[in-house]
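Chemist: Below is the structure I would like to discuss, written out as structure tokens.
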Protein chains: 2
Amino acid sequence: MTRTYSQKCLAARALDVLGERWTLLIVRELGLGPRRFSDLLDGLPGIGTNLLSARLKHLEQHDILTRVALDGPGVSFAYQLTDRGEAITPILGNLVQWAAGLPAPPPDYENRTRWALFAMRATAADRGAAFDTVTELIIGDDPFWMYGDGAHVLLRSGPAPVRPGLRLRCSQATLHAVATRRTTVAAATASGDLIVDGDIDTATEFFAVFAIPDAPAATEKSLKQRRRARQ
Amino acid sequence: MTRTYSQKCLAARALDVLGERWTLLIVRELGLGPRRFSDLLDGLPGIGTNLLSARLKHLEQHDILTRVALDGPGVSFAYQLTDRGEAITPILGNLVQWAAGLPAPPPDYENRTRWALFAMRATAADRGAAFDTVTELIIGDDPFWMYGDGAHVLLRSGPAPVRPGLRLRCSQATLHAVATRRTTVAAATASGDLIVDGDIDTATEFFAVFAIPDAPAATEKSLKQRRRARQ
DNA sequence: CGGTATCCGCAAAGATACTG
DNA sequence: CAGTATCTTTGCGGATACCG
């Protein structure tokens with residue numbers, strides 16, 4: 001750890017460990033379950049292999065993740081959050097909630113399904129804990145599952161480990177449209193964009209609980225205000 | 001804003017705004033009330049004046065703080081969090097709670113009274129809201145005051161704006177010793193290290209509510225574990 | 001596939017001098 | 001006191017080469 005703040009302040013200590021570029025985004029990627037090096041590269045467009053490698057070692061040294069061997073043909077590894085690492089994900093959720101008040105990002109920014117799901121969990125953190133139907137989502141071809149155990153909302157990539165009480169299948173665009181209430185579950189199922197396997201009322205409740213807040217569009221007023229700020 | 005993550009992910013968006021070095025520590029400094037440029041320099045040892053200036057402009061542009069003119073002799077300005085900026089302080093509190101599990105910092109690290117107070121508020125965030133006695137703390141020569149309004153705990157530097165129900169006077173070392181339970185209110189008052197102006201039971205309750213969790217000492221085991229992590 | 005190592009160009013951060 | 005200007009150093013981004 002070069003470039004520390006050298007402060008006896010717990011916030012500064014946290015940032016000594018987590019504050020470097022990419023670090024918290026690596027934790028975000030691992031927040032849906034273990035991932036391999038190449039998975040992480042895909043979820044962190046722009047990071048170099050050398051930098052990812054360095055960050056992973058740093059996080060391993062600080063007991064935030066562990067490197068586990070995967071069985072199967074050939075040698076393969078996955079990176080998995082420790083308990084201390086898992087404890088960071090609610091903080092990322094708070095950052096997500098805070099960022100919901102920021103102007104909407106440019107349309108050319110990268111997008112991933114898992115980021116939308118991460119935001120859905122974060123913004124619904126409190127209410128979502130009550131949603132105790134194991135729900136499997138097939139977005140495009142990628143499976144995920146969610147489950148509120150009363151205290152937390154579990155969100156994982158991969159197929160549900162038990163038979164889900166609700167299964168939703170749609171494109172990423174439809175997921176986003178329904179989660180931001182630009183369309184409804186009824187309309188999306190009617191058009192065939194959303195396939196609900198299970199009770200449709202439960203599906204409606206799911207999207208009511210895990211709604212993503214709309215980013216405020218960049219109004220002329222807010223743009224002016226930002227321009228007005230001194231150079 | 002150069003060097004953005006360019007991701008349509010709310011966590012990444014938050015880090016685009018807050019993730020640069022020093023940025024969150026500036027918010028921390030302003031979390032106890034408005035501060036002037038030189039105050040900030042003192043609270044951020046190692047930052048350059050150019051970098052502080054750049055960060056302040058950046059935060060002003062993103063509506064996280066405002067630059068307000070101070071009345072008095074000469075031209076003088078203070079920096080003050082906006083509502084959007086205030087909304088970040090609970091997140092810093094979460095980082096503080098998380099960092100409490102990290103190994104203790106080296107003894108030569110910088111220290112400030114306000115950082116300890118910030119940690120006291122953070123770790124007591126829930127319980128502290130119930131502590132509704134306006135409390136003034138004179139640590140060394142610097143006054144602060146705290147007040148739980150039922151929902152949040154207000155923490156500000158400067159003398160209390162109303163007559164406090166409790167006044168505590170001690171050194172920073174004593175504050176830390178009592179807050180980490182290395183000594184008691186009774187013992188500290190008996191030795192003269194702590195002067196309580198008000199009900200002593202209320203003072204005891206104050207430190208019970210706003211206790212700082214001890215950082216786990218760096219055990220030989222934890223050191224070994226960190227060394228064991230691959231280079 | 002799953003990384004490590006190296007090099008280059010650039011942008012951010014650190015240090016310090018200087019000015020209204 | 002409140003910054004701006006300038007210079008040096010470090011970290012990051014990107015590419016590529018290499019290894020088990």
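We name chains A, B, ... following the order of the structure tokens; residues begin at 1 in each chain, and ligands are numbered from 1 as shown.
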If you count only C-alpha atoms (C1' of nucleotides), which residues fall within 9 Å of Ser157 (chain B), apart from same-chain ones fewer than 3 positions away, as number ranges by chain?
Modeler: B: 32-34, 114, 142-146, 160
Chemist: Mind dumping the selected residues with N, CA and C atoms as a PDB file, in the first residue's frame?
Modeler:
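Full text of out-v1.pdb as output:
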```pdb
ATOM      1  N   LEU B  32     -18.839  18.214   9.911  1.00  0.00           N
ATOM      2  CA  LEU B  32     -19.043  18.822  11.229  1.00  0.00           C
ATOM      3  C   LEU B  32     -19.371  20.304  11.106  1.00  0.00           C
ATOM      4  N   GLY B  33     -19.722  20.711   9.899  1.00  0.00           N
ATOM      5  CA  GLY B  33     -20.068  22.116   9.691  1.00  0.00           C
ATOM      6  C   GLY B  33     -19.131  22.772   8.701  1.00  0.00           C
ATOM      7  N   PRO B  34     -19.445  23.989   8.274  1.00  0.00           N
ATOM      8  CA  PRO B  34     -18.650  24.678   7.254  1.00  0.00           C
ATOM      9  C   PRO B  34     -17.221  24.912   7.732  1.00  0.00           C
ATOM     10  N   ARG B 114     -11.667  15.819  15.743  1.00  0.00           N
ATOM     11  CA  ARG B 114     -12.900  15.707  14.973  1.00  0.00           C
ATOM     12  C   ARG B 114     -13.066  14.337  14.340  1.00  0.00           C
ATOM     13  N   ASP B 142     -10.913  23.192  21.814  1.00  0.00           N
ATOM     14  CA  ASP B 142     -11.857  23.224  20.693  1.00  0.00           C
ATOM     15  C   ASP B 142     -13.243  22.754  21.117  1.00  0.00           C
ATOM     16  N   PRO B 143     -14.255  23.585  20.894  1.00  0.00           N
ATOM     17  CA  PRO B 143     -15.617  23.203  21.256  1.00  0.00           C
ATOM     18  C   PRO B 143     -16.337  22.461  20.132  1.00  0.00           C
ATOM     19  N   PHE B 144     -17.158  21.522  20.533  1.00  0.00           N
ATOM     20  CA  PHE B 144     -18.039  20.787  19.619  1.00  0.00           C
ATOM     21  C   PHE B 144     -19.370  20.606  20.334  1.00  0.00           C
ATOM     22  N   TRP B 145     -20.392  20.254  19.591  1.00  0.00           N
ATOM     23  CA  TRP B 145     -21.630  19.866  20.266  1.00  0.00           C
ATOM     24  C   TRP B 145     -22.359  18.794  19.487  1.00  0.00           C
ATOM     25  N   MET B 146     -23.114  18.003  20.194  1.00  0.00           N
ATOM     26  CA  MET B 146     -23.844  16.887  19.606  1.00  0.00           C
ATOM     27  C   MET B 146     -25.270  16.909  20.117  1.00  0.00           C
ATOM     28  N   ALA B 160     -22.045  25.234  21.422  1.00  0.00           N
ATOM     29  CA  ALA B 160     -23.459  24.897  21.239  1.00  0.00           C
ATOM     30  C   ALA B 160     -24.280  26.173  21.088  1.00  0.00           C
TER      31      ALA B 160
END
```
Chemist: Looking only at the backbone, which of the residues in region 1-103 of chain B does DSSP tag as strand (DSSP E or B), as a VMD selection string?
Modeler: chain B and resid 7 35 65 to 70 76 to 81
Chemist: Produce a file of the selected residues containing C-alpha atoms, as an mmCIF file, in the first residue's frame.
Modeler:
```
data_model
loop_
_atom_site.group_PDB
_atom_site.id
_atom_site.type_symbol
_atom_site.label_atom_id
_atom_site.label_comp_id
_atom_site.auth_asym_id
_atom_site.auth_seq_id
_atom_site.Cartn_x
_atom_site.Cartn_y
_atom_site.Cartn_z
ATOM 1 C CA GLN B 7 -20.450 2.638 -16.857
ATOM 2 C CA ARG B 35 -14.897 25.139 7.081
ATOM 3 C CA LEU B 65 -20.859 21.776 -1.468
ATOM 4 C CA THR B 66 -21.281 25.505 -1.844
ATOM 5 C CA ARG B 67 -18.844 28.319 -1.323
ATOM 6 C CA VAL B 68 -20.310 30.930 0.972
ATOM 7 C CA ALA B 69 -18.951 34.343 1.859
ATOM 8 C CA LEU B 70 -18.211 34.967 5.524
ATOM 9 C CA SER B 76 -13.259 35.238 3.507
ATOM 10 C CA PHE B 77 -15.110 32.145 2.345
ATOM 11 C CA ALA B 78 -16.325 28.933 3.830
ATOM 12 C CA TYR B 79 -17.280 25.657 2.205
ATOM 13 C CA GLN B 80 -20.508 24.054 3.261
ATOM 14 C CA LEU B 81 -22.206 20.799 2.317
#
```
Chemist: Interatomic distance between CA of Ala100 (chain B) and CA of Pro213 (chain B)?
Modeler: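 Taking CA of Ala100 (chain B) and CA of Pro213 (chain B), their separation equals 6.5 Å.
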Chemist: With a distance threshold of 10 Å and counting only C-alpha atoms (C1' of nucleotides), extract the residues of chain C near chain B and express them as a PyMOL selection string.
Modeler: chain C and resi 11-16
Chemist: Can I get the selection written as a tab-separated table (two decimals), in the first residue's frame, with N, CA and C atoms (P, O5', C5', C4', C3', O3' and C1' of nucleotides)?
Modeler:
```tsv
chain	number	residue	atom	x	y	z
C	11	DA	P	-3.68	13.27	-21.21
C	11	DA	O5'	-4.41	13.08	-19.81
C	11	DA	C5'	-4.92	11.80	-19.44
C	11	DA	C4'	-4.83	11.64	-17.94
C	11	DA	C3'	-5.23	12.88	-17.14
C	11	DA	O3'	-5.98	12.44	-16.02
C	11	DA	C1'	-3.07	12.19	-16.51
C	12	DA	P	-6.77	13.51	-15.14
C	12	DA	O5'	-6.27	13.15	-13.67
C	12	DA	C5'	-6.21	11.78	-13.30
C	12	DA	C4'	-5.30	11.63	-12.10
C	12	DA	C3'	-5.57	12.63	-10.98
C	12	DA	O3'	-5.59	11.91	-9.77
C	12	DA	C1'	-3.30	12.68	-11.57
C	13	DA	P	-5.96	12.61	-8.41
C	13	DA	O5'	-4.55	12.74	-7.68
C	13	DA	C5'	-3.80	11.56	-7.44
C	13	DA	C4'	-2.43	11.92	-6.90
C	13	DA	C3'	-2.42	12.87	-5.71
C	13	DA	O3'	-1.58	12.32	-4.73
C	13	DA	C1'	-0.98	13.66	-7.40
C	14	DG	P	-1.35	13.04	-3.35
C	14	DG	O5'	0.09	13.70	-3.53
C	14	DG	C5'	1.21	12.85	-3.68
C	14	DG	C4'	2.49	13.65	-3.66
C	14	DG	C3'	2.61	14.67	-2.53
C	14	DG	O3'	3.94	14.58	-2.01
C	14	DG	C1'	2.86	15.77	-4.61
C	15	DA	P	4.39	15.47	-0.80
C	15	DA	O5'	5.18	16.66	-1.48
C	15	DA	C5'	6.14	16.38	-2.50
C	15	DA	C4'	6.85	17.67	-2.89
C	15	DA	C3'	6.93	18.70	-1.76
C	15	DA	O3'	8.25	19.21	-1.72
C	15	DA	C1'	5.88	19.64	-3.67
C	16	DT	P	8.67	20.22	-0.53
C	16	DT	O5'	8.74	21.61	-1.29
C	16	DT	C5'	9.15	21.64	-2.66
C	16	DT	C4'	8.81	22.97	-3.28
C	16	DT	C3'	8.82	24.17	-2.33
C	16	DT	O3'	9.55	25.21	-2.95
C	16	DT	C1'	6.89	24.19	-3.61
```
Chemist: Please provide the set of residues having any atom within 8 Å of Val196 (chain B), restricted to only C-alpha atoms (C1' of nucleotides), with same-chain residues fewer than 6 positions apart removed, written as a PyMOL selection string.
Modeler: chain B and resi 166-169+189+203
Chemist: Check every residue of chain D for an atom within 12 Å of chain B, counting only C-alpha atoms (C1' of nucleotides), and provide those that qualify as a list of chain:residue names.
Modeler: D:DC1, D:DA2, D:DG3, D:DT4, D:DA5, D:DT6, D:DG11, D:DC12, D:DG13
Chemist: Identify all chain A residues at most 6 Å from chain B by counting only C-alpha atoms; ligands do not count. Present them as a ChimeraX atom specification.
Modeler: /A:6-11,14,61,95-96,99,109-111,115,226,229
Chemist: Only C-alpha atoms, please: the residues just picked out, written as a PDB file, in the first residue's frame.
Modeler:
```
ATOM      1  CA  SER A   6      -1.593   8.215   7.200  1.00  0.00           C
ATOM      2  CA  GLN A   7      -4.502   9.301   9.337  1.00  0.00           C
ATOM      3  CA  LYS A   8      -5.741   7.740  12.549  1.00  0.00           C
ATOM      4  CA  CYS A   9      -9.256   8.120  11.209  1.00  0.00           C
ATOM      5  CA  LEU A  10     -11.414   5.114  10.468  1.00  0.00           C
ATOM      6  CA  ALA A  11     -12.877   6.645   7.332  1.00  0.00           C
ATOM      7  CA  ALA A  14     -11.235   2.370   4.997  1.00  0.00           C
ATOM      8  CA  GLN A  61      -3.940  -9.403   1.495  1.00  0.00           C
ATOM      9  CA  LEU A  95     -23.628   4.638  -2.857  1.00  0.00           C
ATOM     10  CA  VAL A  96     -26.114   3.383  -5.429  1.00  0.00           C
ATOM     11  CA  ALA A  99     -26.120   8.188  -7.027  1.00  0.00           C
ATOM     12  CA  TYR A 109     -21.756   4.277 -21.329  1.00  0.00           C
ATOM     13  CA  GLU A 110     -21.236   0.546 -20.865  1.00  0.00           C
ATOM     14  CA  ASN A 111     -24.062  -1.518 -19.464  1.00  0.00           C
ATOM     15  CA  TRP A 115     -25.346  -3.725 -12.552  1.00  0.00           C
ATOM     16  CA  ARG A 226     -23.388  23.422 -12.989  1.00  0.00           C
ATOM     17  CA  ALA A 229     -20.012  27.045 -10.752  1.00  0.00           C
TER      18      ALA A 229
END
```
Chemist: Can you work out the spacing between CA of Arg55 (chain B) and CA of Ile26 (chain B) in Å, to one decimal?
Modeler: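 Separation between CA of Arg55 (chain B) and CA of Ile26 (chain B): 8.4 Å.
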Chemist: For the alpha helix (DSSP H) assignment from backbone DSSP, which residues of region 10-130 of chain B qualify? Please present them as an MDAnalysis selection string.
Modeler: chainID B and resid 10:18 23:30 37:43 49:61 83:86 89:99 113:123 125:128
Chemist: Using Å and a single decimal, report how far CA of Thr82 (chain A) sits from CA of Leu154 (chain A).
Modeler: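 Here the two named atoms are 15.3 Å from each other.
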